[in-house]
Amino acid sequence: MIRLSDNVLMVNDMAGLVSRLRRRIPGFASVGVLTDRNVEETVIEQTGLLQKISSSAHMSVVKPGEASKSLTVVEQLSQEWLEAGMDRNSLIINIGGGVVSDLGGFAASIFKRGIRFINIPTTLLSMIDASVGGKTGVNLGGAKNQIGTFSRADEVIIWTGFLKWLPSRELKSGFAECLKHAFLQGGEALRLVNHGLPADPATLASLVEASVKFKDSVVNADLYEIGQRKILNFGHTVGHAFESASLLANAEPWLHGEAVAAGMLVALRLSVRVAGLSPDFAAKWEEFILNNFSIPKTCGMTSMSLMQFLRYDKKNVGNSLRFVLLKEPGMPLFDQEIAAESVREEVELVLSLLS
Ligand SMILES: [Zn+2]
C-alpha cells in the first residue's frame, strides 16, 4: 500500500483493497454501498467484493451514465438510506466511475447534513480525477455539475487492477486527463505520456500515481478553486460544450475525456494565438490528440451551437469567456479573457479537423 496523499491510498491487489476496507468499516454504525449496474455486473460480481468487505452493507445500484447525476436520483438514494436506518454515523462507499463518486459524494455530503464517504474508483478517469479533489455534484437539465458541494472523501482507495474490466474507449477517455496533467506540469510528465496510453499494467500504474499526486498537490493548495486550482480546467471550457452538444446532437454521447481532448485542441490553438505558446509544440500535440483519442464524429454540431453552451460555464463571469491557456508546457495561465469571436473561430477550425 502506498499513501499518495493524506486521503489517497494506492493498493497493489484486491486483497490490499479488502483489508483496508475491513479496517475502516468497524468504526461506523452502518454502511451503504453505491455503484452502477455495469460495475455491479462486472467488477463487483466477478470479484465477490461486497461479500468480502461486508455482508450487511446496504447496496444501491443506479443506471450507468450521466442521467443518474440528477436531483431526482439524490432524493431516491436519500430515501433508501433513510429506510435502511442510516444515520449521521453511517458510511457510504462509492464504487465506480465519476458518475458514482460525484453522485454518491454529493448525496453523502447533504444526507443528515453530511456523512462520511470513501471512493473506490474503477475507471481511469475517476482514479486520476473525479474521485480525488473534493468536488461532488449533479447536473441540472442538460447543464453539467450545476449543483454540488466541495466535500472531500474520507479516503480514496485506488487499485489499478480494476482497469482490466474497462473498455478501451473509457481508458482513452481517462488518458485525456493524464495528458492534461502532463501539459500543466511539462517536462518529465510530458515524456511519460509521449508514447500514448501504456499497454503494460505497471507503467499504467505509475502514470496513475504521478497523475494523482499532481492533481492532489494542486487541489491541496486551493481546495475552493479561488486561484491556482483553476488550471485543472484546461481544455474543459470548450470540452464541456462538446460534451453537452453531443447529448443533443443525433449521435452517441461523447465521453468526458473525449470532449476534454477536443477542448484541449481549442485551448492549444488559443494558447498560440494569445498566450505565446510555441506553434510547433501546439502542432505536435494536436497531431498526438487526433491520433490517440478516437474523438467521435461531430454530427450536427456547429460553432454557433457550441458557443451557446459556453454561456452556461460557471467559470465565466458576465459575458466574457475565460480560459486556462498554456504559455509554455508547465506554465499555465488562468482567468485569461478572450473575445467570443476568437473562440468561435478556433472552435470552427477544430470542428473541421474532427469532421
Ligand atoms: Zn475533467
# chains A, B, ... in the order shown; residues from 1 in each chain; ligands from 1

call {"tool": "closest_atom_pairs", "arguments": {"of": "chain A", "to": "ligand 1", "cutoff": "7 Å", "atoms": "only C-alpha atoms and all ligand atoms", "output": "Markdown table"}}
result
| residue | atom | partner | partner_atom_place_in_ligand_line | distance |
| --- | --- | --- | --- | --- |
| A:Asp129 | CA | ligand 1 | 1 (Zn) | 6.7 |
| A:Glu177 | CA | ligand 1 | 1 (Zn) | 6.3 |
| A:His236 | CA | ligand 1 | 1 (Zn) | 6.5 |
| A:His256 | CA | ligand 1 | 1 (Zn) | 6.5 |
| A:Gly257 | CA | ligand 1 | 1 (Zn) | 6.7 |
| A:Val260 | CA | ligand 1 | 1 (Zn) | 6.6 |

call {"tool": "residues_around", "arguments": {"residues": "stretch 214-229 of chain A", "least_positions_apart": "2", "cutoff": "10 Å", "atoms": "only C-alpha atoms", "output": "MDAnalysis selection string"}}
result
chainID A and resid 4:8 128:129 132:135 149:152 178 181:182 184:185 189 208:212 231:233 332:335

call {"tool": "residues_around", "arguments": {"residues": "A:Ser342", "least_positions_apart": "3", "cutoff": "10 Å", "atoms": "only C-alpha atoms", "output": "VMD selection string"}}
result
chain A and resid 270 273 to 274 338 to 339 345 to 348

call {"tool": "write_last_selection", "arguments": {"atoms": "N, CA, C and O atoms", "output": "short mmCIF file (atom, residue, chain, number, x, y, z; two decimals), in the first residue's frame"}}
result
data_model
loop_
_atom_site.label_atom_id
_atom_site.label_comp_id
_atom_site.auth_asym_id
_atom_site.auth_seq_id
_atom_site.Cartn_x
_atom_site.Cartn_y
_atom_site.Cartn_z
N LEU A 270 -5.81 28.47 -28.96
CA LEU A 270 -5.96 29.80 -28.33
C LEU A 270 -4.67 30.20 -27.61
O LEU A 270 -4.33 31.38 -27.55
N ARG A 273 -2.45 31.62 -30.06
CA ARG A 273 -2.98 32.90 -30.52
C ARG A 273 -2.76 34.04 -29.53
O ARG A 273 -2.36 35.12 -29.92
N VAL A 274 -3.00 33.78 -28.24
CA VAL A 274 -2.90 34.91 -27.30
C VAL A 274 -1.91 34.74 -26.15
O VAL A 274 -1.62 35.71 -25.46
N ILE A 338 -10.94 36.08 -23.28
CA ILE A 338 -10.78 36.06 -24.73
C ILE A 338 -12.09 36.47 -25.39
O ILE A 338 -13.17 36.08 -24.94
N ALA A 339 -11.98 37.25 -26.45
CA ALA A 339 -13.18 37.68 -27.18
C ALA A 339 -13.90 36.46 -27.74
O ALA A 339 -13.26 35.55 -28.28
N GLU A 345 -13.90 31.23 -33.82
CA GLU A 345 -13.06 30.91 -34.99
C GLU A 345 -12.24 29.63 -34.76
O GLU A 345 -12.15 28.78 -35.64
N GLU A 346 -11.67 29.50 -33.56
CA GLU A 346 -10.85 28.29 -33.29
C GLU A 346 -11.73 27.06 -33.14
O GLU A 346 -11.34 25.97 -33.56
N VAL A 347 -12.93 27.25 -32.56
CA VAL A 347 -13.86 26.12 -32.45
C VAL A 347 -14.23 25.62 -33.86
O VAL A 347 -14.25 24.42 -34.13
N GLU A 348 -14.47 26.58 -34.76
CA GLU A 348 -14.80 26.25 -36.15
C GLU A 348 -13.68 25.41 -36.79
O GLU A 348 -13.93 24.40 -37.44
#

call {"tool": "residues_around", "arguments": {"residues": "A:Gly27", "least_positions_apart": "5", "cutoff": "12 Å", "atoms": "only C-alpha atoms", "output": "number ranges by chain"}}
result
A: 21-22, 89-91, 116

call {"tool": "closest_residue", "arguments": {"among": "A:Phe111, A:Trp285, A:Phe175, A:Phe242", "to": "A:Ser303", "atoms": "only C-alpha atoms"}}
result
A:Phe242

call {"tool": "residues_around", "arguments": {"residues": "stretch 198-205 of chain A", "least_positions_apart": "6", "cutoff": "9 Å", "atoms": "only C-alpha atoms", "output": "ChimeraX atom specification"}}
result
/A:159-161,163-164
